[in-house]
$ cat data26.cif   # mmCIF, C-alpha atoms and all ligand atoms
data_protein
loop_
_atom_site.label_atom_id
_atom_site.label_comp_id
_atom_site.auth_asym_id
_atom_site.auth_seq_id
_atom_site.Cartn_x
_atom_site.Cartn_y
_atom_site.Cartn_z
CA MET X 1 17.63 -19.45 -14.03
CA ALA X 2 16.99 -21.61 -11.04
CA ASP X 3 19.93 -22.10 -8.73
CA PRO X 4 21.23 -25.55 -9.67
CA GLY X 5 22.68 -25.96 -6.18
CA THR X 6 19.28 -25.79 -4.49
CA VAL X 7 17.19 -28.91 -4.38
CA LEU X 8 13.99 -28.15 -2.54
CA PRO X 9 11.99 -30.74 -0.64
CA ASP X 10 8.72 -31.89 -2.26
CA THR X 11 6.64 -30.62 0.64
CA MET X 12 7.08 -27.82 3.12
CA GLY X 13 5.62 -26.59 6.39
CA ALA X 14 3.02 -23.83 6.19
CA LEU X 15 0.21 -22.19 8.16
CA THR X 16 -2.99 -22.70 6.24
CA PHE X 17 -6.74 -22.37 6.08
CA ASP X 18 -8.40 -25.27 4.26
CA SER X 19 -12.03 -25.00 3.19
CA LYS X 20 -12.39 -28.79 3.07
CA ARG X 21 -10.83 -29.27 6.49
CA GLU X 22 -12.70 -26.51 8.32
CA GLU X 23 -15.75 -24.40 7.67
CA TRP X 24 -14.91 -20.70 7.56
CA ALA X 25 -17.76 -19.59 9.81
CA ARG X 26 -17.32 -22.36 12.40
CA SER X 27 -13.57 -22.30 12.91
CA THR X 28 -10.80 -19.99 14.05
CA GLY X 29 -7.04 -19.91 13.77
CA LEU X 30 -4.64 -21.47 11.28
CA VAL X 31 -3.30 -25.01 11.03
CA LYS X 32 0.34 -26.05 10.80
CA ASP X 33 0.23 -28.12 7.68
CA ARG X 34 2.41 -29.73 5.04
CA VAL X 35 1.77 -28.59 1.49
CA PRO X 36 3.58 -29.05 -1.85
CA THR X 37 6.61 -26.76 -2.19
CA PRO X 38 6.00 -24.20 -4.94
CA ARG X 39 8.14 -24.71 -8.05
CA LEU X 40 9.37 -22.68 -10.95
CA ALA X 41 7.90 -25.26 -13.30
CA GLU X 42 8.44 -23.21 -16.44
CA PRO X 43 11.45 -20.93 -15.89
CA ASP X 44 11.44 -20.06 -19.60
CA GLY X 45 7.64 -19.85 -19.86
CA ALA X 46 4.92 -19.00 -17.35
CA ASP X 47 7.50 -18.59 -14.55
CA ARG X 48 10.03 -16.51 -16.44
CA SER X 49 9.37 -13.42 -14.31
CA ASN X 50 8.78 -15.33 -11.06
CA VAL X 51 11.11 -16.06 -8.18
CA LEU X 52 11.18 -18.70 -5.52
CA ILE X 53 11.93 -17.35 -2.06
CA GLU X 54 13.03 -19.12 1.08
CA VAL X 55 11.15 -17.34 3.86
CA MET X 56 13.36 -16.05 6.69
CA TYR X 57 10.79 -14.09 8.73
CA ALA X 58 7.09 -13.37 8.29
CA GLY X 59 5.10 -10.76 10.21
CA PHE X 60 1.63 -11.53 11.55
CA CYS X 61 -0.61 -8.68 10.41
CA GLY X 62 -3.85 -7.10 11.57
CA SER X 63 -5.47 -8.68 8.51
CA ASP X 64 -4.11 -12.06 9.62
CA ARG X 65 -5.85 -11.43 12.95
CA GLY X 66 -9.01 -10.81 10.89
CA ILE X 67 -8.49 -14.20 9.22
CA TRP X 68 -7.60 -15.91 12.53
CA TRP X 69 -10.88 -14.79 14.11
CA ARG X 70 -12.82 -15.10 10.80
CA LYS X 71 -13.80 -11.45 10.95
CA ALA X 72 -12.44 -10.41 7.56
CA PHE X 73 -11.37 -11.65 4.14
CA GLY X 74 -13.59 -14.76 4.13
CA ASP X 75 -15.15 -13.83 0.78
CA MET X 76 -11.78 -13.14 -0.81
CA ILE X 77 -10.19 -16.36 0.46
CA LEU X 78 -13.13 -18.62 -0.39
CA GLY X 79 -13.73 -16.90 -3.74
CA SER X 80 -10.10 -17.15 -4.85
CA LEU X 81 -9.84 -20.80 -3.73
CA ALA X 82 -12.94 -21.61 -5.78
CA GLU X 83 -11.40 -19.84 -8.78
CA GLU X 84 -8.18 -21.81 -8.42
CA GLY X 85 -10.14 -25.06 -7.91
CA LYS X 86 -8.41 -25.91 -4.62
CA SER X 87 -9.13 -25.81 -0.90
CA THR X 88 -5.86 -24.83 0.82
CA ARG X 89 -4.72 -21.26 1.25
CA VAL X 90 -1.27 -20.52 2.64
CA VAL X 91 -1.78 -17.31 4.64
CA GLY X 92 0.76 -14.50 5.30
CA HIS X 93 2.00 -11.47 3.40
CA GLU X 94 4.69 -9.68 5.45
CA LEU X 95 7.91 -11.21 4.27
CA LEU X 96 11.65 -11.17 4.54
CA GLY X 97 13.29 -13.91 2.53
CA ARG X 98 16.12 -15.02 0.33
CA ILE X 99 15.87 -15.71 -3.39
CA VAL X 100 16.60 -19.38 -4.11
CA GLY X 101 15.40 -19.63 -7.71
CA MET X 102 14.48 -17.29 -10.56
CA GLY X 103 12.78 -17.45 -13.94
CA ASP X 104 15.02 -16.65 -16.90
CA ARG X 105 13.88 -13.05 -17.32
CA VAL X 106 14.34 -11.96 -13.68
CA ALA X 107 18.04 -11.12 -13.65
CA GLU X 108 17.96 -9.02 -16.79
CA LYS X 109 14.62 -7.31 -16.30
CA TYR X 110 14.55 -6.84 -12.51
CA GLY X 111 18.21 -7.05 -11.55
CA TYR X 112 17.85 -9.69 -8.85
CA SER X 113 20.25 -12.54 -8.19
CA VAL X 114 20.00 -15.83 -6.33
CA GLY X 115 20.88 -15.35 -2.66
CA GLN X 116 19.61 -11.77 -2.52
CA VAL X 117 17.43 -10.76 0.45
CA VAL X 118 14.05 -9.22 -0.35
CA SER X 119 10.78 -8.10 1.13
CA THR X 120 7.63 -7.86 -0.93
CA GLU X 121 4.75 -5.58 -1.71
CA SER X 122 1.71 -7.65 -0.77
CA HIS X 123 -0.56 -6.34 -3.54
CA ILE X 124 0.27 -8.05 -6.82
CA VAL X 125 -0.93 -5.55 -9.38
CA CYS X 126 -2.11 -6.36 -12.90
CA GLY X 127 -0.14 -3.71 -14.79
CA THR X 128 -2.84 -3.25 -17.42
CA CYS X 129 -5.95 -1.74 -15.79
CA PHE X 130 -6.62 2.01 -16.01
CA GLN X 131 -5.08 2.77 -12.60
CA CYS X 132 -1.96 0.74 -13.33
CA ARG X 133 -1.52 2.50 -16.67
CA VAL X 134 -1.70 5.95 -15.09
CA GLY X 135 0.70 5.04 -12.28
CA ASP X 136 -1.81 4.55 -9.46
CA THR X 137 -0.91 0.90 -9.05
CA HIS X 138 -1.81 0.86 -5.34
CA VAL X 139 -5.45 1.03 -6.43
CA CYS X 140 -5.15 -1.55 -9.22
CA ALA X 141 -8.62 -2.83 -10.14
CA LYS X 142 -7.47 -6.43 -10.44
CA ASP X 143 -4.87 -6.81 -7.74
CA LYS X 144 -4.30 -10.01 -5.82
CA ILE X 145 -3.24 -9.94 -2.19
CA ILE X 146 -0.62 -12.43 -1.08
CA GLY X 147 -1.86 -14.76 1.63
CA ILE X 148 -5.49 -13.91 0.87
CA SER X 149 -6.23 -14.22 -2.84
CA THR X 150 -3.03 -16.11 -3.67
CA ASP X 151 -0.72 -18.28 -1.54
CA GLY X 152 1.38 -16.38 0.97
CA CYS X 153 4.47 -16.50 3.11
CA PHE X 154 3.58 -18.32 6.33
CA ALA X 155 5.56 -21.13 4.73
CA GLN X 156 9.12 -22.22 4.19
CA TYR X 157 8.97 -21.17 0.53
CA VAL X 158 6.85 -18.83 -1.54
CA LYS X 159 6.72 -18.14 -5.28
CA LEU X 160 6.23 -14.48 -6.19
CA PRO X 161 6.46 -12.26 -9.27
CA ALA X 162 9.76 -10.37 -9.32
CA LYS X 163 7.92 -7.10 -9.95
CA ALA X 164 6.49 -7.17 -6.39
CA LEU X 165 9.82 -7.60 -4.61
CA TRP X 166 11.71 -5.00 -2.66
CA PRO X 167 15.47 -5.45 -2.17
CA THR X 168 16.55 -5.13 1.45
CA ASP X 169 20.02 -4.49 2.85
CA LEU X 170 20.47 -6.35 6.12
CA ASP X 171 23.57 -4.30 6.90
CA LYS X 172 21.22 -1.36 7.33
CA ILE X 173 18.01 -2.89 8.68
CA ARG X 174 17.92 -5.70 11.21
CA PRO X 175 16.00 -8.68 9.80
CA GLU X 176 13.18 -8.70 12.35
CA VAL X 177 12.41 -5.07 11.50
CA ALA X 178 12.91 -5.67 7.77
CA ALA X 179 10.16 -8.29 8.04
CA VAL X 180 7.63 -5.60 8.98
CA GLN X 181 8.42 -3.07 6.24
CA GLU X 182 5.07 -3.80 4.59
CA PRO X 183 2.83 -2.82 7.55
CA PHE X 184 5.24 -0.01 8.48
CA GLY X 185 4.74 1.16 4.90
CA ASN X 186 0.97 1.29 5.49
CA ALA X 187 1.60 3.83 8.23
CA VAL X 188 4.11 5.70 6.07
CA HIS X 189 1.48 5.92 3.33
CA ALA X 190 -1.04 7.29 5.85
CA CYS X 191 1.54 9.88 6.95
CA GLN X 192 2.18 10.80 3.30
CA ALA X 193 -1.46 11.81 2.81
CA THR X 194 -0.72 15.36 3.87
CA GLU X 195 2.16 17.48 5.21
CA LEU X 196 2.95 16.65 8.86
CA ARG X 197 5.93 18.93 9.48
CA GLY X 198 5.08 21.38 12.26
CA LYS X 199 1.54 20.00 12.47
CA ARG X 200 -0.55 18.81 15.38
CA VAL X 201 -1.57 15.23 14.80
CA ALA X 202 -4.01 12.91 16.54
CA VAL X 203 -3.60 9.17 16.05
CA ILE X 204 -6.90 7.59 16.97
CA GLY X 205 -6.26 3.90 17.61
CA CYS X 206 -2.77 2.91 18.78
CA GLY X 207 -2.58 -0.67 17.50
CA THR X 208 0.38 -1.68 15.36
CA ILE X 209 -0.24 0.75 12.51
CA GLY X 210 -1.18 3.57 14.89
CA LEU X 211 2.04 3.00 16.86
CA PHE X 212 4.05 3.07 13.64
CA ALA X 213 2.22 6.27 12.66
CA ILE X 214 3.19 7.96 15.94
CA LEU X 215 6.86 7.19 15.27
CA ILE X 216 6.65 8.32 11.66
CA ALA X 217 4.72 11.51 12.44
CA ARG X 218 7.44 12.37 14.96
CA GLY X 219 10.12 11.49 12.42
CA MET X 220 8.44 13.68 9.82
CA GLY X 221 8.45 16.64 12.18
CA ALA X 222 4.95 16.80 13.67
CA SER X 223 4.97 19.37 16.48
CA GLN X 224 2.50 17.54 18.68
CA VAL X 225 1.22 13.97 18.61
CA ILE X 226 -1.88 13.00 20.56
CA GLY X 227 -2.61 9.28 20.85
CA VAL X 228 -6.08 7.94 21.56
CA ASP X 229 -6.66 4.38 22.76
CA THR X 230 -8.61 2.53 25.42
CA ASP X 231 -6.01 -0.22 25.96
CA PRO X 232 -3.52 0.72 28.74
CA HIS X 233 -0.72 -1.38 27.16
CA HIS X 234 -1.17 0.37 23.80
CA ALA X 235 -1.27 3.73 25.58
CA GLU X 236 1.99 2.99 27.33
CA LEU X 237 3.67 1.94 24.07
CA ALA X 238 2.32 5.09 22.38
CA ARG X 239 3.92 7.25 25.09
CA ARG X 240 7.22 5.42 24.80
CA LEU X 241 7.17 6.00 21.03
CA GLY X 242 6.78 9.74 21.38
CA ALA X 243 3.11 10.58 21.82
CA ASP X 244 2.94 13.77 23.94
CA VAL X 245 -0.24 12.60 25.56
CA VAL X 246 -2.52 9.59 25.20
CA LEU X 247 -6.23 10.10 25.80
CA THR X 248 -8.78 7.43 26.65
CA PRO X 249 -12.06 7.71 24.77
CA ALA X 250 -15.28 6.84 26.58
CA SER X 251 -17.27 3.95 25.16
CA PRO X 252 -20.20 5.24 23.12
CA PRO X 253 -23.70 4.72 24.54
CA ALA X 254 -25.18 1.31 23.65
CA ASP X 255 -28.00 2.84 21.62
CA ARG X 256 -25.63 5.14 19.67
CA PRO X 257 -22.47 3.08 18.99
CA HIS X 258 -21.41 5.54 16.30
CA ALA X 259 -21.39 8.54 18.65
CA SER X 260 -18.28 10.64 19.22
CA ASP X 261 -17.06 11.36 22.75
CA PRO X 262 -17.64 15.05 23.61
CA GLU X 263 -15.17 14.94 26.50
CA LEU X 264 -12.42 13.55 24.30
CA ILE X 265 -13.02 16.25 21.71
CA ALA X 266 -13.02 18.95 24.38
CA ARG X 267 -9.69 17.61 25.65
CA VAL X 268 -8.18 17.64 22.14
CA GLN X 269 -9.33 21.23 21.73
CA GLU X 270 -7.85 22.20 25.06
CA LEU X 271 -4.51 20.72 23.97
CA THR X 272 -4.60 22.64 20.67
CA GLU X 273 -5.55 26.14 21.82
CA GLY X 274 -9.17 25.52 21.04
CA ALA X 275 -8.59 24.78 17.37
CA GLY X 276 -8.45 21.00 17.04
CA VAL X 277 -5.64 19.05 15.42
CA ASP X 278 -4.37 19.76 11.89
CA VAL X 279 -4.48 16.07 11.04
CA ALA X 280 -6.46 13.23 12.61
CA MET X 281 -5.73 9.64 11.61
CA GLU X 282 -8.49 7.11 12.18
CA MET X 283 -6.73 3.80 12.88
CA ALA X 284 -9.09 2.03 15.27
CA GLY X 285 -11.87 1.03 12.91
CA PHE X 286 -14.88 1.88 15.07
CA ASN X 287 -17.65 4.12 13.83
CA SER X 288 -17.26 6.17 17.01
CA SER X 289 -13.53 6.70 16.31
CA LEU X 290 -14.38 7.90 12.83
CA ASN X 291 -16.59 10.58 14.37
CA ASN X 292 -13.97 11.30 17.03
CA ALA X 293 -11.40 11.83 14.25
CA ILE X 294 -13.65 14.15 12.28
CA LYS X 295 -14.66 16.19 15.32
CA SER X 296 -11.09 16.46 16.66
CA THR X 297 -9.89 18.09 13.44
CA ARG X 298 -9.60 21.85 13.14
CA ARG X 299 -11.40 23.79 10.41
CA GLY X 300 -9.49 23.28 7.18
CA GLY X 301 -7.69 20.23 8.58
CA HIS X 302 -7.22 16.73 7.24
CA VAL X 303 -8.78 13.43 8.27
CA VAL X 304 -6.92 10.29 7.23
CA LEU X 305 -9.13 7.21 7.02
CA PHE X 306 -7.38 3.91 7.52
CA GLY X 307 -9.08 1.71 10.12
CA VAL X 308 -12.66 1.85 8.84
CA LYS X 309 -14.19 -1.61 8.40
CA ASN X 310 -16.76 -3.21 6.08
CA GLY X 311 -20.36 -2.07 6.16
CA ASP X 312 -22.18 1.19 6.71
CA ALA X 313 -21.16 3.96 9.06
CA ILE X 314 -22.99 6.96 10.46
CA ILE X 315 -21.27 10.32 10.13
CA GLU X 316 -22.48 12.81 12.73
CA ASP X 317 -23.27 16.26 11.58
CA ILE X 318 -22.00 15.68 8.05
CA HIS X 319 -22.68 19.25 6.99
CA ARG X 320 -19.84 20.33 9.31
CA ILE X 321 -17.36 18.41 7.12
CA VAL X 322 -18.29 20.75 4.29
CA MET X 323 -18.66 23.91 6.36
CA ASN X 324 -15.36 23.25 8.16
CA GLY X 325 -13.64 22.62 4.83
CA LEU X 326 -12.19 19.31 5.98
CA GLN X 327 -10.22 17.14 3.60
CA LEU X 328 -10.73 13.37 3.86
CA HIS X 329 -8.06 10.94 2.62
CA ALA X 330 -8.55 7.20 2.26
CA ILE X 331 -5.42 5.09 2.57
CA VAL X 332 -5.02 1.64 1.08
CA GLY X 333 -1.77 -0.31 0.80
CA ARG X 334 1.35 1.57 -0.14
CA ARG X 335 2.26 3.63 -3.20
CA ILE X 336 4.38 1.23 -5.24
CA PHE X 337 7.28 1.89 -4.80
CA GLU X 338 7.28 5.51 -3.63
CA THR X 339 6.13 4.54 -0.14
CA TRP X 340 8.72 1.74 0.02
CA GLU X 341 11.44 4.24 -0.82
CA LEU X 342 10.39 6.52 2.06
CA THR X 343 9.97 3.50 4.34
CA ARG X 344 13.53 2.48 3.59
CA SER X 345 14.97 5.90 4.30
CA LEU X 346 13.03 6.28 7.56
CA LEU X 347 14.24 2.88 8.76
CA GLU X 348 17.81 3.04 7.45
CA ASN X 349 18.50 6.50 8.89
CA ARG X 350 19.56 5.42 12.38
CA ALA X 351 19.75 9.05 13.59
CA ASN X 352 15.95 9.35 13.79
CA GLY X 353 15.73 6.41 16.21
CA ILE X 354 12.78 4.86 14.36
CA GLN X 355 14.33 1.49 13.59
CA ASP X 356 15.54 1.06 17.16
CA ALA X 357 12.13 2.05 18.54
CA VAL X 358 10.38 -0.50 16.30
CA TRP X 359 12.70 -3.18 17.64
CA GLU X 360 12.85 -2.11 21.27
CA VAL X 361 9.29 -0.97 21.88
CA ILE X 362 6.95 -2.50 19.29
CA LEU X 363 8.85 -5.78 18.92
CA ASN X 364 9.87 -5.69 22.61
CA LYS X 365 13.46 -6.63 21.63
CA GLY X 366 12.11 -9.94 20.39
CA GLU X 367 10.81 -10.99 23.81
CA GLY X 368 7.48 -12.73 23.31
CA THR X 369 7.21 -11.34 19.78
CA MET X 370 9.39 -13.81 17.88
CA VAL X 371 8.04 -17.31 17.32
CA ASP X 372 10.04 -20.11 15.70
CA PHE X 373 8.01 -21.91 13.08
CA ALA X 374 9.54 -25.22 14.22
CA ASP X 375 7.97 -24.69 17.66
CA TRP X 376 4.74 -23.14 16.40
CA GLU X 377 1.74 -24.28 18.37
CA ARG X 378 -1.73 -22.89 17.93
CA GLN X 379 -2.74 -21.95 21.49
CA ALA X 380 0.66 -20.55 22.43
CA PHE X 381 0.63 -18.45 19.27
CA GLU X 382 -2.85 -17.15 19.99
CA ASP X 383 -1.60 -16.03 23.43
CA ARG X 384 1.29 -14.18 21.76
CA ILE X 385 -0.90 -12.31 19.27
CA LYS X 386 -3.19 -11.30 22.12
CA ALA X 387 -0.29 -9.98 24.19
CA HIS X 388 1.69 -8.09 21.54
CA PRO X 389 0.73 -5.66 18.77
CA LYS X 390 3.20 -7.36 16.42
CA VAL X 391 4.44 -10.94 16.29
CA VAL X 392 7.00 -12.22 13.78
CA ILE X 393 7.41 -15.87 12.81
CA ARG X 394 10.96 -17.03 12.19
CA PHE X 395 11.23 -19.61 9.42
CA ALA X 396 14.85 -19.70 8.30
CA GLY X 397 16.16 -16.59 10.03
CA HIS X 398 19.57 -16.64 11.62
ZN ZN X 401 -0.20 -6.65 6.60
ZN ZN X 402 -4.08 -2.95 -12.39
#

$ encode --input "data26.cif" --output "structure tokens"
Amino acid sequence: MADPGTVLPDTMGALTFDSKREEWARSTGLVKDRVPTPRLAEPDGADRSNVLIEVMYAGFCGSDRGIWWRKAFGDMILGSLAEEGKSTRVVGHELLGRIVGMGDRVAEKYGYSVGQVVSTESHIVCGTCFQCRVGDTHVCAKDKIIGISTDGCFAQYVKLPAKALWPTDLDKIRPEVAAVQEPFGNAVHACQATELRGKRVAVIGCGTIGLFAILIARGMGASQVIGVDTDPHHAELARRLGADVVLTPASPPADRPHASDPELIARVQELTEGAGVDVAMEMAGFNSSLNNAIKSTRRGGHVVLFGVKNGDAIIEDIHRIVMNGLQLHAIVGRRIFETWELTRSLLENRANGIQDAVWEVILNKGEGTMVDFADWERQAFEDRIKAHPKVVIRFAGH
């Protein structure tokens, strides 16, 4: 049932990429655009399990940076636009919004009601492939990603399947933090790869997800957290979030960009009684950080792979991975909805200080990190995303 009280405008504001307007390879950024407002055209048919959401806040993700600078997701965006026979993609997938309309099956099957506040899993899974049938929906073979392979939430309204939504209680999580549950969940998933309680952990790459991971590793009881990052601002944030020490890796030699940094590894060993860390998380995405992560890990330890980018990588001394009995874990998305459940309890439990730290340190209490969509301007926004690890766009927030 659509809410009869809500009459939506025919068009809405959105941040888009348009393949007719700009060539992928020769452009950057997003354009503030007007596009048709999505509709529940068939609330008793094709839209019976869909909802229409008024966007309150939307987080700007690392993958959105990839789109902004045309470094990632070009194939997926252009391919999905061609499939849909259109040229405009509304970007954005980190959402907090309010339900303003629902198909006729949503209330009964999913328990939502109009007016309810929700976030969303960004991977829309098929429900029928092998992985989905055995409960590994986070690695669905046919998933669509909101804001990449289907229209997203940098817009005043977005239509989503009810099965992807996650109910959010604003009495327990402040809305600006609730808007970043999805990327926070990425870090939670990485920290779920192996036991962290009492463990020594290195977080290699202290961008947004690395910073979240430092907080979560602390919250999950890691005994020591070592941050690694070259950026002094990131290093300072990492310290404020609870990293015991933040090390600066040397740049690899120009002719061996994959090479690990022997001094960094020696320093990690020194800090861990010569053993190396129990768990290293690679969250920077450079080939050299991958080797730094592997070489910083103690024999029998765990390496969590998260940042690694497209293309080939060189692993140094690969035999040592076997001989040292390392375990490698690859992290994609979030376990649906196991990771969301843990995300909620980590954020709602005020005693652990995580929610406050996300707001005060990562979101800098909103200073410079919150951008009103009404005032959105391309160059000013680009300056914000360069200055802060996380920026949130306010659409209809209070
Ligand atoms: Zn994201
Ligand atoms: Zn599937």

$ residues_around --input "data26.cif" --residues "range 209-217 of chain X" --least-positions-apart "3" --cutoff "9 Å" --atoms "only C-alpha atoms" --output "compact mmCIF listing (two decimals) with C-alpha atoms, in the frame of the given file"
# COMPACT_ATOMS: atom_id res chain seq x y z
CA GLY X 62 -3.85 -7.10 11.57
CA PRO X 183 2.83 -2.82 7.55
CA PHE X 184 5.24 -0.01 8.48
CA GLY X 185 4.74 1.16 4.90
CA ASN X 186 0.97 1.29 5.49
CA ALA X 187 1.60 3.83 8.23
CA VAL X 188 4.11 5.70 6.07
CA ALA X 190 -1.04 7.29 5.85
CA CYS X 191 1.54 9.88 6.95
CA LEU X 196 2.95 16.65 8.86
CA ARG X 197 5.93 18.93 9.48
CA VAL X 201 -1.57 15.23 14.80
CA ALA X 202 -4.01 12.91 16.54
CA VAL X 203 -3.60 9.17 16.05
CA ILE X 204 -6.90 7.59 16.97
CA GLY X 205 -6.26 3.90 17.61
CA CYS X 206 -2.77 2.91 18.78
CA MET X 220 8.44 13.68 9.82
CA GLY X 221 8.45 16.64 12.18
CA ALA X 222 4.95 16.80 13.67
CA SER X 223 4.97 19.37 16.48
CA GLN X 224 2.50 17.54 18.68
CA VAL X 225 1.22 13.97 18.61
CA ILE X 226 -1.88 13.00 20.56
CA GLY X 227 -2.61 9.28 20.85
CA HIS X 234 -1.17 0.37 23.80
CA LEU X 237 3.67 1.94 24.07
CA ALA X 238 2.32 5.09 22.38
CA LEU X 241 7.17 6.00 21.03
CA GLY X 242 6.78 9.74 21.38
CA ALA X 243 3.11 10.58 21.82
CA MET X 281 -5.73 9.64 11.61
CA GLU X 282 -8.49 7.11 12.18
CA MET X 283 -6.73 3.80 12.88
CA ALA X 284 -9.09 2.03 15.27
CA LEU X 346 13.03 6.28 7.56
CA GLY X 353 15.73 6.41 16.21
CA ILE X 354 12.78 4.86 14.36
CA ALA X 357 12.13 2.05 18.54
CA VAL X 358 10.38 -0.50 16.30
CA ILE X 362 6.95 -2.50 19.29
CA PRO X 389 0.73 -5.66 18.77

$ residues_around --input "data26.cif" --residues "Ile393 in chain X" --least-positions-apart "2" --cutoff "6 Å" --atoms "all atoms listed in the file" --output "PDB file with C-alpha atoms, in the frame of the given file"
ATOM      1  CA  TYR X  57      10.790 -14.090   8.730  1.00  0.00           C
ATOM      2  CA  ALA X  58       7.090 -13.370   8.290  1.00  0.00           C
ATOM      3  CA  MET X 370       9.390 -13.810  17.880  1.00  0.00           C
ATOM      4  CA  VAL X 371       8.040 -17.310  17.320  1.00  0.00           C
ATOM      5  CA  ASP X 372      10.040 -20.110  15.700  1.00  0.00           C
TER       6      ASP X 372
END

$ residues_near_ligand --input "data26.cif" --ligand "ligand ZN 401 (chain X)" --cutoff "9 Å" --atoms "all atoms listed in the file" --output "list in words"
Gly59, Phe60, Cys61, Gly62, Ser63, Asp64, Gly92, His93, Glu94, Ser122, Val180, Glu182, Pro183, Phe184, Asn186 and Gly333 of chain X

$ closest_atom_pairs --input "data26.cif" --of "chain X" --to "ligand ZN 402 (chain X)" --cutoff "8 Å" --atoms "all atoms listed in the file" --output "Markdown table"
| residue | atom | partner | partner_atom | distance |
| --- | --- | --- | --- | --- |
| X:Val125 | CA | X:ZN402 | ZN | 5.1 |
| X:Cys126 | CA | X:ZN402 | ZN | 4.0 |
| X:Gly127 | CA | X:ZN402 | ZN | 4.7 |
| X:Thr128 | CA | X:ZN402 | ZN | 5.2 |
| X:Cys129 | CA | X:ZN402 | ZN | 4.1 |
| X:Phe130 | CA | X:ZN402 | ZN | 6.6 |
| X:Gln131 | CA | X:ZN402 | ZN | 5.8 |
| X:Cys132 | CA | X:ZN402 | ZN | 4.4 |
| X:Arg133 | CA | X:ZN402 | ZN | 7.4 |
| X:Thr137 | CA | X:ZN402 | ZN | 6.0 |
| X:Val139 | CA | X:ZN402 | ZN | 7.3 |
| X:Cys140 | CA | X:ZN402 | ZN | 3.6 |
| X:Ala141 | CA | X:ZN402 | ZN | 5.1 |
| X:Lys142 | CA | X:ZN402 | ZN | 5.2 |
| X:Asp143 | CA | X:ZN402 | ZN | 6.1 |

$ closest_residue --input "data26.cif" --among "X:Ser260, X:Ser113, X:Gln355, X:Thr28" --to "Ser288 in chain X" --atoms "all atoms listed in the file"
X:Ser260

$ closest_residue --input "data26.cif" --among "X:Lys365, X:Arg335, X:Lys390, X:Arg105" --to "Asp44 in chain X" --atoms "all atoms listed in the file"
X:Arg105

$ residues_around --input "data26.cif" --residues "Ala313 in chain X" --least-positions-apart "5" --cutoff "12 Å" --atoms "only C-alpha atoms" --output "JSON, numbers by chain"
{"X": [256, 257, 258, 259, 285, 286, 287, 288, 289, 290, 291, 308, 318]}

$ axis_aligned_box --input "data26.cif" --around "range 284-289 of chain X" --padding-each-side "8 Å" --output "AutoDock Vina command-line options"
--center_x -13.4 --center_y 3.9 --center_z 15.0 --size_x 24.6 --size_y 21.7 --size_z 20.1

$ closest_residue --input "data26.cif" --among "X:Val118, X:Pro232, X:Thr208, X:Leu160" --to "Arg65 in chain X" --atoms "all atoms listed in the file"
X:Thr208

$ residues_around --input "data26.cif" --residues "Ala107 in chain X" --least-positions-apart "2" --cutoff "12 Å" --atoms "all atoms listed in the file" --output "PDB file with C-alpha atoms, in the frame of the given file"
ATOM      1  CA  MET X   1      17.630 -19.450 -14.030  1.00  0.00           C
ATOM      2  CA  ALA X   2      16.990 -21.610 -11.040  1.00  0.00           C
ATOM      3  CA  ARG X  48      10.030 -16.510 -16.440  1.00  0.00           C
ATOM      4  CA  SER X  49       9.370 -13.420 -14.310  1.00  0.00           C
ATOM      5  CA  ASN X  50       8.780 -15.330 -11.060  1.00  0.00           C
ATOM      6  CA  VAL X  51      11.110 -16.060  -8.180  1.00  0.00           C
ATOM      7  CA  ILE X  99      15.870 -15.710  -3.390  1.00  0.00           C
ATOM      8  CA  GLY X 101      15.400 -19.630  -7.710  1.00  0.00           C
ATOM      9  CA  MET X 102      14.480 -17.290 -10.560  1.00  0.00           C
ATOM     10  CA  GLY X 103      12.780 -17.450 -13.940  1.00  0.00           C
ATOM     11  CA  ASP X 104      15.020 -16.650 -16.900  1.00  0.00           C
ATOM     12  CA  ARG X 105      13.880 -13.050 -17.320  1.00  0.00           C
ATOM     13  CA  LYS X 109      14.620  -7.310 -16.300  1.00  0.00           C
ATOM     14  CA  TYR X 110      14.550  -6.840 -12.510  1.00  0.00           C
ATOM     15  CA  GLY X 111      18.210  -7.050 -11.550  1.00  0.00           C
ATOM     16  CA  TYR X 112      17.850  -9.690  -8.850  1.00  0.00           C
ATOM     17  CA  SER X 113      20.250 -12.540  -8.190  1.00  0.00           C
ATOM     18  CA  VAL X 114      20.000 -15.830  -6.330  1.00  0.00           C
ATOM     19  CA  GLN X 116      19.610 -11.770  -2.520  1.00  0.00           C
ATOM     20  CA  ALA X 162       9.760 -10.370  -9.320  1.00  0.00           C
ATOM     21  CA  LYS X 163       7.920  -7.100  -9.950  1.00  0.00           C
TER      22      LYS X 163
END

$ closest_residue --input "data26.cif" --among "X:Pro38, X:Pro161, X:Pro9, X:Gly219" --to "Asn349 in chain X" --atoms "all atoms listed in the file"
X:Gly219

$ closest_residue --input "data26.cif" --among "X:Asp356, X:Glu84, X:Glu338, X:Asp383" --to "Gly368 in chain X" --atoms "all atoms listed in the file"
X:Asp383

$ atom_distance --input "data26.cif" --atom1 "CA of Arg70 in chain X" --atom2 "CA of Asp255 in chain X"
25.9 Å
